[in-house]
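Source file: start_8.txt (compact mmCIF, C-alpha atoms)
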# COMPACT_ATOMS: atom_id res chain seq x y z
CA VAL A 205 0.00 0.00 0.00
CA ASP A 206 1.40 3.38 -1.01
CA ALA A 207 1.36 5.58 2.13
CA LYS A 208 0.86 8.86 0.24
CA GLU A 209 -1.93 7.45 -1.89
CA ALA A 210 -3.65 5.99 1.19
CA THR A 211 -3.38 9.36 2.98
CA ARG A 212 -4.75 11.21 -0.02
CA PHE A 213 -7.72 8.82 -0.28
CA TRP A 214 -8.40 9.13 3.46
CA ASN A 215 -8.37 12.93 3.37
CA GLU A 216 -10.76 12.99 0.41
CA GLN A 217 -13.39 11.16 2.45
CA PHE A 218 -13.84 14.18 4.75
CA VAL A 219 -14.35 17.03 2.27
CA HIS A 220 -18.05 16.47 1.54
CA PRO A 221 -20.07 17.16 4.70
CA GLY A 222 -23.26 16.47 2.75
CA GLN A 223 -22.29 12.79 2.95
CA PHE A 224 -21.82 12.84 6.73
CA THR A 225 -24.15 11.19 9.22
CA LEU A 226 -23.32 12.91 12.49
CA VAL A 227 -24.20 11.06 15.70
CA ILE A 228 -23.55 12.84 19.00
CA VAL A 229 -24.26 11.32 22.41
CA GLY A 230 -23.32 12.21 25.95
CA ASP A 231 -23.65 15.22 28.21
CA ILE A 232 -23.63 17.94 25.58
CA ASP A 233 -24.17 20.61 28.25
CA GLU A 234 -20.61 19.96 29.43
CA ILE A 235 -19.22 21.14 26.08
CA GLU A 236 -18.13 24.75 26.29
CA GLY A 237 -20.47 26.94 24.28
CA ALA A 238 -23.06 24.20 23.69
CA LYS A 239 -25.40 24.62 26.65
CA THR A 240 -28.19 25.90 24.41
CA ASP A 241 -29.51 24.66 21.07
CA GLU A 242 -28.31 27.86 19.44
CA GLY A 243 -24.82 27.48 20.92
CA PHE A 244 -24.59 23.86 19.86
CA LEU A 245 -25.70 24.80 16.34
CA ARG A 246 -22.99 27.45 16.18
CA LEU A 247 -20.37 24.83 17.05
CA LEU A 248 -21.64 22.58 14.27
CA GLU A 249 -21.51 25.47 11.83
CA LYS A 250 -17.98 26.28 12.95
CA TYR A 251 -16.45 22.80 12.79
CA VAL A 252 -18.64 21.01 10.21
CA GLY A 253 -20.32 23.75 8.23
CA SER A 254 -16.98 25.45 7.56
CA ILE A 255 -15.58 22.47 5.63
CA GLN A 256 -14.81 23.66 2.11
CA VAL A 257 -16.56 21.53 -0.49
CA LYS A 258 -14.30 20.71 -3.42
CA ASP A 259 -16.89 18.98 -5.61
CA PRO A 260 -20.52 20.14 -5.08
CA GLU A 261 -21.85 17.24 -7.16
CA LYS A 262 -20.42 14.75 -4.65
CA ASN A 263 -21.71 16.70 -1.66
CA GLN A 264 -24.89 14.65 -1.49
CA PRO A 265 -26.12 12.05 1.03
CA LEU A 266 -24.90 8.52 0.34
CA ASP A 267 -27.11 5.46 0.23
CA ALA A 268 -25.16 2.71 1.99
CA TYR A 269 -27.00 0.08 -0.07
CA LYS A 270 -26.32 1.66 -3.45
CA ASP A 271 -23.45 4.13 -3.34
CA ILE A 272 -20.95 2.33 -1.12
CA ILE A 273 -19.24 -0.46 -3.07
CA PRO A 274 -17.20 -2.85 -0.92
CA ILE A 275 -13.97 -4.41 -2.13
CA PRO A 276 -14.80 -7.78 -3.74
CA PHE A 277 -13.40 -10.77 -1.91
CA THR A 278 -13.50 -14.55 -1.89
CA GLN A 279 -13.06 -16.76 1.13
CA PRO A 280 -10.05 -19.11 0.88
CA THR A 281 -10.68 -22.76 0.15
CA ALA A 282 -7.37 -23.94 1.67
CA ILE A 283 -5.16 -23.04 4.62
CA VAL A 284 -3.25 -19.80 4.11
CA GLU A 285 -0.25 -18.98 6.31
CA GLU A 286 1.63 -15.70 6.38
CA VAL A 287 4.49 -14.67 8.66
CA ILE A 288 5.44 -11.00 8.99
CA THR A 289 8.52 -9.93 10.96
CA SER A 290 9.29 -6.41 12.07
CA LYS A 291 11.67 -4.75 14.48
CA MET A 292 9.89 -3.86 17.73
CA VAL A 293 10.85 -2.00 20.89
CA ASP A 294 9.94 -5.06 22.96
CA PRO A 295 10.04 -8.64 21.63
CA ILE A 296 6.48 -9.87 21.19
CA SER A 297 4.59 -12.13 18.82
CA VAL A 298 0.98 -11.60 17.75
CA THR A 299 -0.82 -14.51 16.10
CA GLN A 300 -4.23 -14.48 14.45
CA VAL A 301 -6.13 -17.59 13.38
CA THR A 302 -9.09 -16.79 11.14
CA PHE A 303 -11.94 -19.07 10.09
CA PRO A 304 -14.38 -18.10 7.31
CA LEU A 305 -18.08 -18.40 8.06
CA SER A 306 -21.49 -17.55 6.67
CA ILE A 307 -24.87 -17.06 8.32
CA LYS A 308 -28.45 -16.91 7.12
CA THR A 309 -29.84 -13.38 6.97
CA GLN A 310 -33.44 -14.21 6.12
CA PRO A 311 -35.80 -14.28 7.88
CA VAL A 312 -34.58 -11.65 10.36
CA GLU A 313 -35.45 -13.81 13.36
CA CYS A 314 -33.20 -16.57 12.03
CA ALA A 315 -30.31 -14.12 11.59
CA GLN A 316 -30.76 -12.79 15.11
CA GLU A 317 -30.68 -16.31 16.56
CA GLU A 318 -27.60 -17.28 14.56
CA LEU A 319 -25.79 -14.10 15.63
CA PHE A 320 -26.63 -14.77 19.28
CA TRP A 321 -25.22 -18.30 19.17
CA LEU A 322 -22.19 -17.12 17.18
CA HIS A 323 -21.29 -14.49 19.78
CA PHE A 324 -22.00 -16.93 22.59
CA ALA A 325 -19.68 -19.54 21.03
CA CYS A 326 -16.94 -16.92 20.59
CA GLN A 327 -17.25 -15.88 24.24
CA LEU A 328 -17.11 -19.51 25.33
CA LEU A 329 -14.01 -20.18 23.22
CA GLU A 330 -12.30 -17.05 24.50
CA MET A 331 -13.00 -18.04 28.10
CA LYS A 332 -11.57 -21.54 27.53
CA LEU A 333 -8.48 -20.21 25.75
CA MET A 334 -7.83 -17.65 28.48
CA ARG A 335 -8.12 -20.32 31.15
CA GLU A 336 -5.89 -22.82 29.32
CA MET A 337 -3.27 -20.56 27.72
CA ARG A 338 -2.89 -17.84 30.36
CA PHE A 339 -4.12 -19.09 33.71
CA SER A 340 -2.99 -22.73 33.40
CA ARG A 341 0.13 -22.35 31.25
CA GLY A 342 1.03 -18.67 31.57
CA GLU A 343 2.17 -18.55 27.94
CA ILE A 344 0.17 -15.64 26.53
CA TYR A 345 -0.34 -11.99 27.37
CA SER A 346 -3.84 -11.65 25.95
CA VAL A 347 -6.37 -13.50 23.79
CA GLY A 348 -9.54 -12.46 21.99
CA VAL A 349 -12.15 -14.20 19.85
CA SER A 350 -14.57 -12.14 17.77
CA PRO A 351 -16.74 -12.49 14.66
CA SER A 352 -16.82 -9.87 11.91
CA PHE A 353 -18.88 -9.20 8.79
CA SER A 354 -17.17 -5.90 7.96
CA VAL A 355 -16.04 -6.97 4.49
CA GLU A 356 -19.46 -8.16 3.35
CA SER A 357 -21.63 -5.96 1.16
CA SER A 358 -24.86 -4.70 2.69
CA ALA A 359 -26.49 -5.73 -0.59
CA ALA A 360 -25.90 -9.36 0.43
CA ILE A 361 -28.41 -9.14 3.29
CA PRO A 362 -31.53 -9.63 1.11
CA SER A 363 -29.82 -12.57 -0.64
CA GLY A 364 -30.25 -14.70 2.47
CA LYS A 365 -26.58 -15.22 3.34
CA ALA A 366 -23.77 -13.03 4.68
CA ARG A 367 -20.09 -13.98 4.73
CA GLY A 368 -17.70 -13.12 7.50
CA ASP A 369 -15.02 -14.62 9.70
CA VAL A 370 -14.12 -15.50 13.27
CA ALA A 371 -10.73 -14.17 14.34
CA ILE A 372 -8.77 -15.69 17.24
CA SER A 373 -5.89 -13.42 18.22
CA PHE A 374 -3.30 -13.85 20.96
CA SER A 375 0.02 -12.31 21.94
CA CYS A 376 2.97 -14.24 23.34
CA GLU A 377 6.75 -14.56 23.40
CA PRO A 378 8.44 -14.76 19.96
CA GLY A 379 8.79 -18.31 18.70
CA CYS A 380 5.75 -19.68 20.54
CA GLY A 381 3.08 -18.79 17.99
CA ALA A 382 3.06 -22.02 15.97
CA ARG A 383 2.92 -24.28 19.01
CA LEU A 384 0.18 -22.24 20.67
CA THR A 385 -1.78 -22.20 17.42
CA ARG A 386 -1.91 -25.99 17.58
CA LEU A 387 -3.19 -25.67 21.14
CA VAL A 388 -5.93 -23.30 19.93
CA LEU A 389 -7.01 -25.86 17.32
CA ASP A 390 -7.08 -28.60 19.98
CA VAL A 391 -9.33 -26.48 22.21
CA ILE A 392 -11.67 -25.84 19.27
CA LYS A 393 -11.84 -29.59 18.56
CA SER A 394 -12.69 -30.26 22.20
CA LEU A 395 -15.67 -27.89 21.94
CA ARG A 396 -17.07 -30.11 19.22
CA THR A 397 -16.81 -33.30 21.26
CA ASP A 398 -16.92 -32.39 24.95
CA PRO A 399 -20.18 -31.03 26.43
CA VAL A 400 -20.12 -27.55 27.91
CA SER A 401 -20.77 -27.53 31.65
CA GLN A 402 -23.74 -25.71 33.14
CA GLN A 403 -21.32 -23.72 35.28
CA GLU A 404 -19.61 -22.36 32.16
CA ILE A 405 -22.95 -21.42 30.61
CA ASP A 406 -24.11 -19.66 33.79
CA SER A 407 -20.78 -17.83 34.02
CA LEU A 408 -21.05 -16.59 30.44
CA LEU A 409 -24.64 -15.44 30.88
CA GLU A 410 -23.69 -13.53 34.02
CA MET A 411 -20.70 -11.93 32.29
CA ASP A 412 -22.87 -10.94 29.32
CA LYS A 413 -25.52 -9.48 31.58
CA ARG A 414 -22.94 -7.51 33.56
CA ALA A 415 -21.26 -6.23 30.38
CA TYR A 416 -24.62 -5.04 29.05
CA GLU A 417 -25.44 -3.22 32.29
CA LEU A 418 -22.09 -1.44 32.21
CA ALA A 419 -22.41 -0.64 28.50
CA LEU A 420 -25.67 1.24 29.10
CA ASP A 421 -23.62 3.94 30.82
CA GLU A 422 -21.09 4.24 27.99
CA ASN A 423 -21.39 6.72 25.12
CA THR A 424 -19.85 4.23 22.67
CA PHE A 425 -22.71 1.79 23.29
CA TRP A 426 -25.36 4.33 22.38
CA ILE A 427 -23.43 5.50 19.31
CA ASP A 428 -23.38 1.89 18.07
CA VAL A 429 -27.10 1.43 18.79
CA ILE A 430 -28.09 4.65 16.99
CA GLU A 431 -25.82 3.98 14.01
CA MET A 432 -27.10 0.43 13.55
CA ALA A 433 -30.71 1.59 13.85
CA TYR A 434 -30.14 4.38 11.33
CA GLN A 435 -28.47 2.05 8.83
CA SER A 436 -31.06 -0.70 9.13
CA ARG A 437 -33.58 -1.37 6.39
CA LYS A 438 -36.48 -1.17 8.85
CA TYR A 439 -35.60 2.45 9.61
CA ARG A 440 -35.61 3.27 5.93

Could you rewrite the structure in this file as structure tokens?
Amino acid sequence: VDAKEATRFWNEQFVHPGQFTLVIVGDIDEIEGAKTDEGFLRLLEKYVGSIQVKDPEKNQPLDAYKDIIPIPFTQPTAIVEEVITSKMVDPISVTQVTFPLSIKTQPVECAQEELFWLHFACQLLEMKLMREMRFSRGEIYSVGVSPSFSVESSAAIPSGKARGDVAISFSCEPGCGARLTRLVLDVIKSLRTDPVSQQEIDSLLEMDKRAYELALDENTFWIDVIEMAYQSRKYR
């Protein structure tokens, strides 16, 4: 990737305020000069309305389902391995194991159920990996398991299937990545054969409940909720 070209492309995405969807949450009264509607409007005019438009024809609202074209991609059909080395201040290795997946998007209730079980399975796997790799063996610094559909086109939703991936990422001492990757695969295999205990299920449900209660007080949670609602087809 050419750094200058990437910077130029990035900068061009912020010169057409007509394409912006601005979501603001939090205690706006704490912002200096924004305690009244008029004051808040003046701030928007100052920082957003003052952006110089280079191409008036492009300064129009975007339709995420028509105007935003994602980069085409295909999921690999075989194992792909890539090793990248770089000089670091402290010696550390970061390994990511990615599995392709697809879920049904229609009907909506089916998609919601599949997403719930997908997130639940990722949480369960993360808990098992943390217990085995960090608490029992002390061989990793951190581990995370998360699903993503960020590369899929929104136009794929009505088709009935959306493609994504599950990423398992962990950090450890250099030279341990390959061996610990095999351990990750062994833990995944055990999930397919060994039943999950009721204690593990109860623990996950309690953690999820607690995380939701804490998230309700966070601005980032409400930004995500509002953005997802705004971008949904039901809203439109």

**Message:** Quick one: residues within 8 Å of A:Ala366, only C-alpha atoms, excluding same-chain residues fewer than 2 positions away - as a VMD selection string?
**Reply:** chain A and resid 306 to 309 353 356 360 to 361 364 368

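The coordinates place atom CA of A:Arg396 at 26.5 Å from atom CA of A:Thr278.
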
**Prompt:** Rounded to one decimal in Å, what is the spacing between atom CA of A:Leu418 and atom CA of A:Ile372?
**Reply:**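 Interatomic distance, atom CA of A:Leu418 to atom CA of A:Ile372: 24.6 Å.
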
**Request:** Find, counting only C-alpha atoms, the residue in A:Ala371, A:Val429, A:Leu387, A:Ile288 that gets nearest to A:Met334.
**Result:**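 Among the listed residues, the smallest separation from A:Met334 belongs to A:Leu387.
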
List as an mmCIF file with C-alpha atoms, in the frame of the given file the protein and nucleic acid residues near A:Pro295, meaning an atom at most 12 Å away when all atoms listed in the file are counted, but skip any in the same chain fewer than 2 places from it.
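The resulting file, selection09.cif, is reproduced below:
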data_model
loop_
_atom_site.group_PDB
_atom_site.id
_atom_site.type_symbol
_atom_site.label_atom_id
_atom_site.label_comp_id
_atom_site.auth_asym_id
_atom_site.auth_seq_id
_atom_site.Cartn_x
_atom_site.Cartn_y
_atom_site.Cartn_z
ATOM 1 C CA THR A 289 8.520 -9.930 10.960
ATOM 2 C CA SER A 290 9.290 -6.410 12.070
ATOM 3 C CA LYS A 291 11.670 -4.750 14.480
ATOM 4 C CA MET A 292 9.890 -3.860 17.730
ATOM 5 C CA VAL A 293 10.850 -2.000 20.890
ATOM 6 C CA SER A 297 4.590 -12.130 18.820
ATOM 7 C CA VAL A 298 0.980 -11.600 17.750
ATOM 8 C CA SER A 375 0.020 -12.310 21.940
ATOM 9 C CA CYS A 376 2.970 -14.240 23.340
ATOM 10 C CA GLU A 377 6.750 -14.560 23.400
ATOM 11 C CA PRO A 378 8.440 -14.760 19.960
ATOM 12 C CA GLY A 379 8.790 -18.310 18.700
ATOM 13 C CA CYS A 380 5.750 -19.680 20.540
#

**Item:** 8 Å contact set for A:Asp259, only C-alpha atoms, chain neighbours under 3 positions out, as an MDAnalysis selection string
**Value:** chainID A and resid 220 262:263

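If all atoms listed in the file are the atoms counted, then among A:Ala210, A:Val227, A:Leu409, A:Ala419 the closest residue to A:Met432 is A:Val227.
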
**Prompt:** atom CA of A:Glu330 to atom CA of A:Pro311: how many Å, to one decimal?
**Reply:** 28.9 Å

**Message:** The residues within 9 Å of (-14.4, -21.3, 7.7), using only C-alpha atoms and the coordinates of the file, should be reported as an MDAnalysis selection string; which are they?
**Reply:** chainID A and resid 279:281 302:306 368:370

**Request:** Rank A:Phe324, A:Phe374, A:Tyr434, A:Trp426 by their smallest atom-to-atom distance to A:Val347, using all atoms listed in the file, and report the top residue only.
**Result:** A:Phe374

Taking all atoms of stretch 336-346 of chain A that the file lists, what box with edges along x, y and z, padded by 4 Å per side, do you get, with centre and edge lengths in Å to one decimal, as AutoDock Vina command-line options?
--center_x -1.9 --center_y -17.2 --center_z 29.8 --size_x 16.1 --size_y 19.2 --size_z 15.8

**Asked** Which of these, A:Asn423, A:Ser373, A:Ser346, A:Gln435, has the shortest distance to A:Gly230 once you count all atoms listed in the file?
**Response** A:Asn423

**Request:** Determine the nearest neighbour of A:Glu343 from the options A:Leu248, A:Gly381, A:Lys413, A:Gln264, counting only C-alpha atoms.
**Result:** A:Gly381

**Message:** For a quick check of understanding, using all atoms listed in the file, which of A:Asp398, A:Ser340, A:Leu322, A:Lys258 has the smallest distance to A:Glu216?
**Reply:**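 Closest residue, counting all atoms listed in the file: A:Lys258.
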
Quick one: everything within 6 Å of A:Cys326, counting all atoms listed in the file, minus sequence neighbours fewer than 3 positions away in the same chain. Send it as a tab-separated table (two decimals) with C-alpha atoms, in the coordinates of the input.
chain	number	residue	atom	x	y	z
A	323	HIS	CA	-21.29	-14.49	19.78
A	329	LEU	CA	-14.01	-20.18	23.22
A	349	VAL	CA	-12.15	-14.20	19.85

**Message:** Could you list, as a PyMOL selection string, every residue within 12 Å of A:Ile430, counting all atoms listed in the file and ignoring same-chain residues fewer than 5 positions away?
**Reply:** chain A and resi 225-229+423-425+435-436+439
